[in-house]
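**Student:** So that you have it, the file is structure38.cif, and it contains mmCIF, C-alpha atoms:
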```
data_final
#
loop_
_atom_site.group_PDB
_atom_site.id
_atom_site.type_symbol
_atom_site.label_atom_id
_atom_site.label_comp_id
_atom_site.auth_asym_id
_atom_site.auth_seq_id
_atom_site.Cartn_x
_atom_site.Cartn_y
_atom_site.Cartn_z
ATOM 1 C CA MET A 1 26.595 161.840 -70.447
ATOM 2 C CA ALA A 2 28.629 161.442 -67.248
ATOM 3 C CA PRO A 3 29.934 157.912 -66.561
ATOM 4 C CA ARG A 4 27.811 157.512 -63.443
ATOM 5 C CA SER A 5 24.668 158.583 -65.310
ATOM 6 C CA LEU A 6 25.473 156.145 -68.123
ATOM 7 C CA LEU A 7 25.959 153.305 -65.657
ATOM 8 C CA ALA A 8 22.651 154.129 -64.002
ATOM 9 C CA VAL A 9 20.839 154.069 -67.357
ATOM 10 C CA LEU A 10 22.445 150.760 -68.283
ATOM 11 C CA ALA A 11 21.493 149.268 -64.914
ATOM 12 C CA VAL A 12 17.858 150.321 -65.338
ATOM 13 C CA ALA A 13 17.787 148.915 -68.873
ATOM 14 C CA ALA A 14 19.265 145.607 -67.732
ATOM 15 C CA LEU A 15 16.729 145.383 -64.911
ATOM 16 C CA ALA A 16 13.888 146.070 -67.342
ATOM 17 C CA LEU A 17 15.093 143.317 -69.654
ATOM 18 C CA LEU A 18 15.319 140.874 -66.743
ATOM 19 C CA HIS A 19 11.801 141.740 -65.613
ATOM 20 C CA ALA A 20 10.514 141.290 -69.160
ATOM 21 C CA ALA A 21 12.178 137.876 -69.433
ATOM 22 C CA SER A 22 10.806 136.901 -66.039
ATOM 23 C CA ALA A 23 7.285 137.935 -66.956
ATOM 24 C CA LYS A 24 7.512 135.968 -70.179
ATOM 25 C CA SER A 25 8.549 132.777 -68.393
ATOM 26 C CA SER A 26 6.293 133.062 -65.312
ATOM 27 C CA TRP A 27 4.313 129.937 -66.055
ATOM 28 C CA LEU A 28 3.181 128.876 -62.577
ATOM 29 C CA ASP A 29 0.409 131.372 -61.825
ATOM 30 C CA ARG A 30 -0.892 131.375 -65.389
ATOM 31 C CA ARG A 31 -1.242 127.627 -65.735
ATOM 32 C CA PHE A 32 -1.404 126.057 -62.262
ATOM 33 C CA THR A 33 -2.926 126.096 -58.806
ATOM 34 C CA THR A 34 -0.758 125.156 -55.821
ATOM 35 C CA ASP A 35 -0.944 123.104 -52.630
ATOM 36 C CA GLY A 36 1.294 123.195 -49.571
ATOM 37 C CA THR A 37 4.543 125.153 -49.408
ATOM 38 C CA VAL A 38 5.423 126.330 -52.921
ATOM 39 C CA ARG A 39 7.978 129.085 -53.469
ATOM 40 C CA THR A 40 9.129 130.786 -56.660
ATOM 41 C CA GLY A 41 12.226 132.593 -57.831
ATOM 42 C CA TYR A 42 14.189 133.270 -61.006
ATOM 43 C CA ASP A 43 17.520 131.955 -62.194
ATOM 44 C CA ASP A 44 20.229 134.050 -63.853
ATOM 45 C CA SER A 45 18.618 133.678 -67.282
ATOM 46 C CA GLY A 46 15.244 134.957 -66.074
ATOM 47 C CA GLN A 47 13.525 131.571 -66.001
ATOM 48 C CA GLN A 48 11.017 131.031 -63.249
ATOM 49 C CA VAL A 49 12.035 128.326 -60.756
ATOM 50 C CA VAL A 50 9.294 126.671 -58.698
ATOM 51 C CA MET A 51 10.401 125.044 -55.443
ATOM 52 C CA LEU A 52 8.303 122.475 -53.570
ATOM 53 C CA ARG A 53 9.179 122.238 -49.886
ATOM 54 C CA LEU A 54 8.468 119.394 -47.457
ATOM 55 C CA ASP A 55 9.072 119.249 -43.717
ATOM 56 C CA GLN A 56 7.490 117.390 -40.816
ATOM 57 C CA HIS A 57 4.797 120.023 -40.346
ATOM 58 C CA SER A 58 4.097 121.359 -43.831
ATOM 59 C CA GLY A 59 2.643 118.269 -45.474
ATOM 60 C CA ALA A 60 2.804 117.539 -49.206
ATOM 61 C CA ALA A 61 3.413 120.307 -51.731
ATOM 62 C CA GLY A 62 2.531 120.532 -55.410
ATOM 63 C CA PHE A 63 1.138 122.360 -58.395
ATOM 64 C CA ASN A 64 -1.798 121.245 -60.548
ATOM 65 C CA SER A 65 -2.763 122.369 -64.050
ATOM 66 C CA LYS A 66 -5.849 124.512 -64.459
ATOM 67 C CA GLU A 67 -6.594 122.749 -67.743
ATOM 68 C CA GLN A 68 -7.247 119.077 -68.411
ATOM 69 C CA TYR A 69 -5.725 117.277 -71.364
ATOM 70 C CA LEU A 70 -6.510 114.347 -73.634
ATOM 71 C CA TYR A 71 -3.154 113.485 -75.254
ATOM 72 C CA GLY A 72 -0.086 115.676 -75.463
ATOM 73 C CA GLU A 73 3.620 116.169 -74.845
ATOM 74 C CA PHE A 74 4.651 117.423 -71.407
ATOM 75 C CA SER A 75 8.115 118.163 -70.084
ATOM 76 C CA VAL A 76 9.835 119.940 -67.235
ATOM 77 C CA GLU A 77 13.343 120.398 -65.895
ATOM 78 C CA MET A 78 13.798 119.151 -62.335
ATOM 79 C CA LYS A 79 16.580 119.333 -59.785
ATOM 80 C CA LEU A 80 15.952 116.790 -57.040
ATOM 81 C CA ILE A 81 16.664 116.817 -53.316
ATOM 82 C CA ARG A 82 20.301 116.955 -52.253
ATOM 83 C CA GLY A 83 21.776 114.510 -49.761
ATOM 84 C CA ASN A 84 19.677 111.967 -47.900
ATOM 85 C CA SER A 85 16.249 112.005 -49.579
ATOM 86 C CA ALA A 86 15.129 108.555 -48.385
ATOM 87 C CA GLY A 87 11.373 108.264 -48.005
ATOM 88 C CA THR A 88 10.533 111.233 -50.206
ATOM 89 C CA VAL A 89 8.733 111.031 -53.549
ATOM 90 C CA SER A 90 9.040 113.796 -56.159
ATOM 91 C CA CYS A 91 6.598 113.490 -59.061
ATOM 92 C CA PHE A 92 5.655 114.713 -62.511
ATOM 93 C CA TYR A 93 2.486 112.998 -63.689
ATOM 94 C CA LEU A 94 -0.951 113.100 -65.308
ATOM 95 C CA SER A 95 -4.097 111.830 -63.606
ATOM 96 C CA SER A 96 -7.825 111.735 -64.302
ATOM 97 C CA GLY A 97 -8.588 111.765 -60.555
ATOM 98 C CA ASP A 98 -8.680 109.494 -57.515
ATOM 99 C CA GLY A 99 -11.518 107.142 -58.438
ATOM 100 C CA ASP A 100 -11.243 103.372 -58.747
ATOM 101 C CA GLY A 101 -11.357 103.536 -62.547
ATOM 102 C CA ARG A 102 -8.823 106.306 -62.990
ATOM 103 C CA ASP A 103 -6.192 106.740 -65.674
ATOM 104 C CA GLU A 104 -2.718 107.975 -64.774
ATOM 105 C CA ILE A 105 0.767 108.336 -66.281
ATOM 106 C CA ASP A 106 3.551 108.622 -63.709
ATOM 107 C CA MET A 107 7.160 109.677 -63.425
ATOM 108 C CA GLU A 108 7.972 109.278 -59.727
ATOM 109 C CA PHE A 109 11.427 109.833 -58.239
ATOM 110 C CA MET A 110 11.866 107.718 -55.133
ATOM 111 C CA GLY A 111 14.356 109.206 -52.687
ATOM 112 C CA ASN A 112 17.543 107.484 -51.623
ATOM 113 C CA SER A 113 19.883 107.080 -48.715
ATOM 114 C CA SER A 114 22.956 109.221 -49.299
ATOM 115 C CA GLY A 115 25.217 107.630 -51.882
ATOM 116 C CA GLN A 116 22.560 105.313 -53.344
ATOM 117 C CA PRO A 117 20.900 105.857 -56.750
ATOM 118 C CA VAL A 118 17.624 107.709 -57.059
ATOM 119 C CA VAL A 119 15.016 105.384 -58.600
ATOM 120 C CA LEU A 120 12.712 106.640 -61.346
ATOM 121 C CA ASN A 121 9.402 104.780 -61.283
ATOM 122 C CA THR A 122 7.409 104.963 -64.523
ATOM 123 C CA ASN A 123 3.869 103.648 -64.419
ATOM 124 C CA VAL A 124 0.651 103.655 -66.431
ATOM 125 C CA TRP A 125 -2.819 103.325 -64.946
ATOM 126 C CA ALA A 126 -5.644 102.373 -67.308
ATOM 127 C CA SER A 127 -9.222 102.055 -66.036
ATOM 128 C CA GLY A 128 -7.943 101.609 -62.488
ATOM 129 C CA ASP A 129 -5.260 99.017 -63.256
ATOM 130 C CA GLY A 130 -1.867 100.426 -62.256
ATOM 131 C CA LYS A 131 0.470 97.473 -61.865
ATOM 132 C CA LYS A 132 2.614 98.385 -64.875
ATOM 133 C CA GLU A 133 5.827 99.734 -63.371
ATOM 134 C CA HIS A 134 9.240 99.987 -64.963
ATOM 135 C CA GLN A 135 11.831 101.306 -62.505
ATOM 136 C CA PHE A 136 15.292 102.608 -63.334
ATOM 137 C CA ASP A 137 18.333 103.666 -61.310
ATOM 138 C CA LEU A 138 19.246 107.097 -62.664
ATOM 139 C CA TRP A 139 22.732 107.070 -64.200
ATOM 140 C CA PHE A 140 23.568 110.602 -63.011
ATOM 141 C CA ASP A 141 23.148 112.688 -59.865
ATOM 142 C CA PRO A 142 19.712 114.301 -60.351
ATOM 143 C CA SER A 143 20.337 116.727 -57.488
ATOM 144 C CA ALA A 144 23.521 118.253 -58.937
ATOM 145 C CA ASP A 145 21.820 120.025 -61.850
ATOM 146 C CA TYR A 146 18.583 120.241 -63.811
ATOM 147 C CA HIS A 147 17.543 117.395 -66.114
ATOM 148 C CA THR A 148 14.574 117.259 -68.480
ATOM 149 C CA TYR A 149 11.818 114.670 -68.000
ATOM 150 C CA THR A 150 9.194 114.165 -70.723
ATOM 151 C CA ILE A 151 5.913 112.286 -71.175
ATOM 152 C CA ILE A 152 4.474 111.869 -74.673
ATOM 153 C CA TRP A 153 0.919 110.486 -74.685
ATOM 154 C CA ASN A 154 -0.909 109.811 -77.938
ATOM 155 C CA PRO A 155 -3.472 107.285 -79.230
ATOM 156 C CA THR A 156 -0.727 104.794 -80.153
ATOM 157 C CA ASN A 157 1.705 104.743 -77.237
ATOM 158 C CA ILE A 158 3.023 106.472 -74.129
ATOM 159 C CA LEU A 159 6.696 107.431 -74.234
ATOM 160 C CA PHE A 160 8.967 108.297 -71.306
ATOM 161 C CA LYS A 161 12.104 110.327 -71.886
ATOM 162 C CA VAL A 162 15.030 111.483 -69.721
ATOM 163 C CA ASP A 163 16.949 114.365 -71.277
ATOM 164 C CA ASP A 164 17.463 113.213 -74.883
ATOM 165 C CA LEU A 165 17.041 109.497 -74.206
ATOM 166 C CA PHE A 166 13.830 107.507 -74.483
ATOM 167 C CA ILE A 167 13.679 104.865 -71.744
ATOM 168 C CA ARG A 168 10.234 103.319 -72.183
ATOM 169 C CA SER A 169 7.382 102.845 -74.649
ATOM 170 C CA PHE A 170 3.994 101.612 -73.408
ATOM 171 C CA LYS A 171 2.064 100.432 -76.452
ATOM 172 C CA ARG A 172 -1.684 100.471 -76.961
ATOM 173 C CA TYR A 173 -3.471 97.219 -77.849
ATOM 174 C CA ALA A 174 -7.048 97.308 -79.099
ATOM 175 C CA ASP A 175 -8.285 94.660 -76.660
ATOM 176 C CA LEU A 176 -6.533 96.009 -73.530
ATOM 177 C CA PRO A 177 -7.194 99.051 -71.318
ATOM 178 C CA TYR A 178 -5.370 102.232 -72.356
ATOM 179 C CA PRO A 179 -5.730 105.872 -71.232
ATOM 180 C CA SER A 180 -7.814 107.256 -74.097
ATOM 181 C CA SER A 181 -11.113 108.705 -72.899
ATOM 182 C CA ARG A 182 -10.608 110.392 -69.513
ATOM 183 C CA PRO A 183 -9.094 113.900 -69.582
ATOM 184 C CA MET A 184 -6.170 114.256 -67.192
ATOM 185 C CA THR A 185 -4.699 117.020 -65.048
ATOM 186 C CA LEU A 186 -0.936 117.603 -64.960
ATOM 187 C CA HIS A 187 0.574 117.482 -61.461
ATOM 188 C CA ALA A 188 3.956 117.953 -59.816
ATOM 189 C CA THR A 189 4.189 116.924 -56.164
ATOM 190 C CA LEU A 190 6.583 116.273 -53.280
ATOM 191 C CA TRP A 191 5.345 114.044 -50.469
ATOM 192 C CA ASP A 192 6.248 111.632 -47.681
ATOM 193 C CA GLY A 193 6.343 108.130 -49.175
ATOM 194 C CA SER A 194 8.153 106.466 -46.273
ATOM 195 C CA TYR A 195 5.820 103.468 -46.361
ATOM 196 C CA TRP A 196 6.891 102.609 -49.910
ATOM 197 C CA ALA A 197 9.525 104.731 -51.608
ATOM 198 C CA THR A 198 12.949 103.583 -50.414
ATOM 199 C CA GLU A 199 13.916 99.907 -50.214
ATOM 200 C CA LYS A 200 10.217 98.960 -50.194
ATOM 201 C CA GLY A 201 9.555 101.105 -47.142
ATOM 202 C CA ARG A 202 12.414 99.824 -45.009
ATOM 203 C CA VAL A 203 14.054 103.271 -44.938
ATOM 204 C CA GLY A 204 11.838 106.213 -44.035
ATOM 205 C CA ILE A 205 12.321 109.964 -43.946
ATOM 206 C CA ASP A 206 14.892 111.359 -41.529
ATOM 207 C CA TRP A 207 13.198 114.623 -40.593
ATOM 208 C CA SER A 208 16.445 115.993 -39.164
ATOM 209 C CA ASP A 209 17.484 116.501 -42.812
ATOM 210 C CA ALA A 210 14.412 118.633 -43.561
ATOM 211 C CA PRO A 211 13.390 120.818 -45.240
ATOM 212 C CA PHE A 212 13.446 118.799 -48.468
ATOM 213 C CA VAL A 213 13.256 120.907 -51.628
ATOM 214 C CA VAL A 214 12.790 119.904 -55.270
ATOM 215 C CA SER A 215 13.004 122.565 -57.999
ATOM 216 C CA TYR A 216 11.172 122.764 -61.335
ATOM 217 C CA ARG A 217 11.711 125.077 -64.300
ATOM 218 C CA SER A 218 11.119 125.295 -68.080
ATOM 219 C CA TYR A 219 7.690 123.663 -68.029
ATOM 220 C CA TYR A 220 6.419 122.861 -71.524
ATOM 221 C CA ALA A 221 3.129 121.456 -72.790
ATOM 222 C CA SER A 222 1.877 120.898 -76.329
ATOM 223 C CA ALA A 223 -1.430 119.127 -75.901
ATOM 224 C CA CYS A 224 -5.113 118.690 -76.655
ATOM 225 C CA VAL A 225 -7.077 120.650 -74.077
ATOM 226 C CA SER A 226 -10.247 118.914 -72.964
ATOM 227 C CA GLY A 227 -13.131 120.538 -74.819
ATOM 228 C CA GLY A 228 -10.742 122.709 -76.844
ATOM 229 C CA ALA A 229 -8.139 122.655 -79.568
ATOM 230 C CA CYS A 230 -4.963 120.608 -79.971
ATOM 231 C CA ARG A 231 -1.679 122.491 -79.923
ATOM 232 C CA ALA A 232 1.012 121.530 -82.425
ATOM 233 C CA ALA A 233 -0.455 118.110 -83.121
ATOM 234 C CA GLY A 234 0.651 117.941 -86.750
ATOM 235 C CA SER A 235 1.776 114.860 -88.619
ATOM 236 C CA GLY A 236 5.395 115.353 -87.534
ATOM 237 C CA GLY A 237 4.576 116.146 -83.926
ATOM 238 C CA TRP A 238 3.745 114.263 -80.776
ATOM 239 C CA MET A 239 0.318 113.001 -81.926
ATOM 240 C CA ASN A 240 1.942 110.463 -84.260
ATOM 241 C CA ARG A 241 5.197 109.964 -82.381
ATOM 242 C CA GLN A 242 6.579 106.448 -82.160
ATOM 243 C CA LEU A 243 10.117 105.263 -81.567
ATOM 244 C CA ASP A 244 12.483 104.617 -84.446
ATOM 245 C CA SER A 245 15.126 101.877 -84.356
ATOM 246 C CA ALA A 246 17.789 104.115 -82.795
ATOM 247 C CA GLU A 247 15.384 105.242 -80.057
ATOM 248 C CA TRP A 248 14.449 101.635 -79.338
ATOM 249 C CA GLY A 249 18.186 101.165 -78.897
ATOM 250 C CA THR A 250 18.246 103.660 -76.020
ATOM 251 C CA VAL A 251 15.282 101.879 -74.421
ATOM 252 C CA ARG A 252 17.173 98.564 -74.549
ATOM 253 C CA TRP A 253 20.304 100.289 -73.209
ATOM 254 C CA ALA A 254 18.358 101.653 -70.226
ATOM 255 C CA GLU A 255 16.704 98.284 -69.598
ATOM 256 C CA ARG A 256 19.989 96.398 -69.827
ATOM 257 C CA ASN A 257 22.044 98.701 -67.618
ATOM 258 C CA PHE A 258 19.722 100.525 -65.238
ATOM 259 C CA MET A 259 16.391 98.715 -64.898
ATOM 260 C CA ARG A 260 15.640 97.811 -61.294
ATOM 261 C CA TYR A 261 12.123 96.423 -61.716
ATOM 262 C CA ASN A 262 9.928 95.242 -64.602
ATOM 263 C CA TYR A 263 6.376 94.159 -63.811
ATOM 264 C CA CYS A 264 6.497 91.757 -66.745
ATOM 265 C CA GLN A 265 9.156 89.740 -64.920
ATOM 266 C CA ASP A 266 7.351 89.553 -61.574
ATOM 267 C CA GLY A 267 5.635 86.171 -61.556
ATOM 268 C CA TRP A 268 5.210 86.282 -57.759
ATOM 269 C CA ARG A 269 3.034 89.381 -58.096
ATOM 270 C CA PHE A 270 0.885 87.815 -60.808
ATOM 271 C CA PRO A 271 0.361 84.174 -59.768
ATOM 272 C CA GLN A 272 -2.483 83.771 -62.281
ATOM 273 C CA GLY A 273 -0.216 84.840 -65.146
ATOM 274 C CA LEU A 274 1.542 87.990 -66.311
ATOM 275 C CA PRO A 275 -0.531 90.821 -67.828
ATOM 276 C CA ALA A 276 -1.433 90.144 -71.462
ATOM 277 C CA GLU A 277 0.734 92.909 -72.924
ATOM 278 C CA CYS A 278 3.868 91.311 -71.462
ATOM 279 C CA ALA A 279 3.757 88.554 -74.086
ATOM 280 C CA ARG A 280 3.368 91.044 -76.950
ATOM 281 C CA HIS A 281 6.424 93.249 -76.466
#
```
As C-alpha cells, what does this structure read like?
**Tutor:**
Amino acid sequence: MAPRSLLAVLAVAALALLHAASAKSSWLDRRFTTDGTVRTGYDDSGQQVVMLRLDQHSGAAGFNSKEQYLYGEFSVEMKLIRGNSAGTVSCFYLSSGDGDGRDEIDMEFMGNSSGQPVVLNTNVWASGDGKKEHQFDLWFDPSADYHTYTIIWNPTNILFKVDDLFIRSFKRYADLPYPSSRPMTLHATLWDGSYWATEKGRVGIDWSDAPFVVSYRSYYASACVSGGACRAAGSGGWMNRQLDSAEWGTVRWAERNFMRYNYCQDGWRFPQGLPAECARH
C-alpha cells in the first residue's frame, strides 16, 4: 500500500474510533432536557462537554434529568467561569420541585470578584425547610481545570464530596425532616444570582464580562429511579455509605480551614434557638 493510502486509512480509522467514543459518552440528549443556551462539544479523549452560557439577554441555562430519583450517587466534573464571575451561580443539585414543601440537595458555586475565592454552598431542604447551609471557600482555582463534585443520598445521610475529599455529612434523625419520600430531578444550572451570590448581594454581575460559561463532563449516576429499579445499590455501595474515621477527618479539615458559614453557628438567624440537629452533631 502506498504511504499516502496508508495514512488515509489510518486517518479514517482514527476518526471512526473518535466517533465511537463520542457516541458512547454522549450523555446529555439521552438523559436530560435543556433550557436556555446549552452547547455541546467533545474533548480530546472523546468525552462530551456540555457548556451552559449566560449573558444579559439569554437568561438562565441548564439541563434537567428525564428521570426522577429516590436515593442515589450523582457526580459530574465541572470547570467554572474564568475571571470575574461575581453575581453568577453555577449549580449541581436535586429537587422535588418548586412547592412550599419541597425537598432539595444543593451544590451551588457562588461567583467571585477576580482574585477572590469561589464559595461552594451546600444545602439540604427537607419538607420546605432549607436553612441548613454549610459554605466553603474552594482551596483551588475551579476555573483552571475540571474537578469532580459528588452527592451521595441514602436513607441514613447525605454526603458532599469534592474530588476525593468528603466535606460534609448531613445525618438523618428519626424525629426531624429528611428527604426520603419525594422523588427528585437532577439539575445543572447557570443563572444570575446578583441579589444574593457574592458578598450577600453587594457585588452583582458585570455584564461587560459576558458571556459567562461553565462546562460539565463525565456525568455519572447510580441511583434508584422513581417507580423502577435501583442501580448498583449493593451492601458495599452508596445505599449504605457512611463516613469512616479518616473521611470524618477530611470533613473536619475542610471545616477548620475553609468553612465560611455554618447555619449551626448563626444565632442571629435563629433567635428562638438553633435547629435541633445542631446539638446532635
**Student:** Output the residue selection produced by the PyMOL selection byres ((chain A and resi 117) around 9) on the file above, formatted as a short mmCIF file (atom, residue, chain, number, x, y, z; two decimals) with C-alpha atoms, keeping the file's coordinate frame.
**Tutor:**
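In the end it all went to part00.cif:
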```
data_model
loop_
_atom_site.label_atom_id
_atom_site.label_comp_id
_atom_site.auth_asym_id
_atom_site.auth_seq_id
_atom_site.Cartn_x
_atom_site.Cartn_y
_atom_site.Cartn_z
CA GLY A 111 14.36 109.21 -52.69
CA ASN A 112 17.54 107.48 -51.62
CA SER A 113 19.88 107.08 -48.72
CA SER A 114 22.96 109.22 -49.30
CA GLY A 115 25.22 107.63 -51.88
CA GLN A 116 22.56 105.31 -53.34
CA VAL A 118 17.62 107.71 -57.06
CA VAL A 119 15.02 105.38 -58.60
CA ASP A 137 18.33 103.67 -61.31
CA LEU A 138 19.25 107.10 -62.66
CA TRP A 139 22.73 107.07 -64.20
CA PHE A 140 23.57 110.60 -63.01
CA ASP A 141 23.15 112.69 -59.86
#
```
**Student:** Interatomic distance between atom CA of Leu80 of chain A and atom CA of Val49 of chain A?
**Tutor:** 12.7 Å
**Student:** If you measure from atom CA of Ser226 of chain A to atom CA of Tyr69 of chain A, what distance in Å do you get, rounded to one decimal?
**Tutor:**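 For atom CA of Ser226 of chain A relative to atom CA of Tyr69 of chain A, the distance reads 5.1 Å.
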**Student:** Nearest to Thr40 of chain A: which of A:Cys230, A:Val213, A:Val76, A:Ala246 is it, counting only C-alpha atoms?
**Tutor:**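 So, comparing all the options, the nearest one is A:Val213.
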**Student:** Report, in Å with one decimal, the straight-line distance from atom CA of Asn84 of chain A to atom CA of Asp209 of chain A.
**Tutor:**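 Pair atom CA of Asn84 of chain A / atom CA of Asp209 of chain A returns 7.2 Å.
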**Student:** Rank nothing, just name the residue among A:Phe92, A:Thr122, A:Glu247, A:Gln272 nearest to Arg260 of chain A, using all atoms listed in the file.
**Tutor:**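 Once distances to Arg260 of chain A are computed over all atoms listed in the file, the minimum belongs to A:Thr122.
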**Student:** Nearest to His147 of chain A: which of A:Tyr219, A:Trp196, A:Trp248, A:Phe170 is it, counting all atoms listed in the file?
**Tutor:**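 Answer, going by the shortest atom-to-atom distance: A:Tyr219.
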**Student:** Apply the PyMOL selection byres ((chain A and resi 173-188) around 10) to the file shown and report the selected residues as a PyMOL selection string.
**Tutor:** chain A and resi 32-34+52+61-71+74+76+90-97+101-108+124-129+153-158+170-172+189-190+216+221+224-227+275-277+280
**Student:** Excluding Leu54 of chain A and its own-chain neighbours fewer than 6 positions away, which residues fall within 9 Å of it when counting only C-alpha atoms? Please give them as number ranges by chain.
**Tutor:** A: 36-37, 60-61, 88, 190-192, 210-214
**Student:** Given the file shown, enumerate the residues that the PyMOL selection byres ((chain A and resi 238) around 7) captures and present them as number ranges by chain.
**Tutor:** A: 72-73, 152, 233, 237, 239-241
**Student:** Using all atoms listed in the file, which protein or nucleic acid residues come within 6 Å of Thr150 of chain A? Drop anything in the same chain fewer than 6 positions from it, and give the result as a ChimeraX atom specification.
**Tutor:** /A:74-75,160-161
**Student:** Taking only C-alpha atoms into account, which of A:Val162, A:Gly193, A:Lys131, A:Ser222 comes nearest Leu274 of chain A?
**Tutor:** A:Lys131
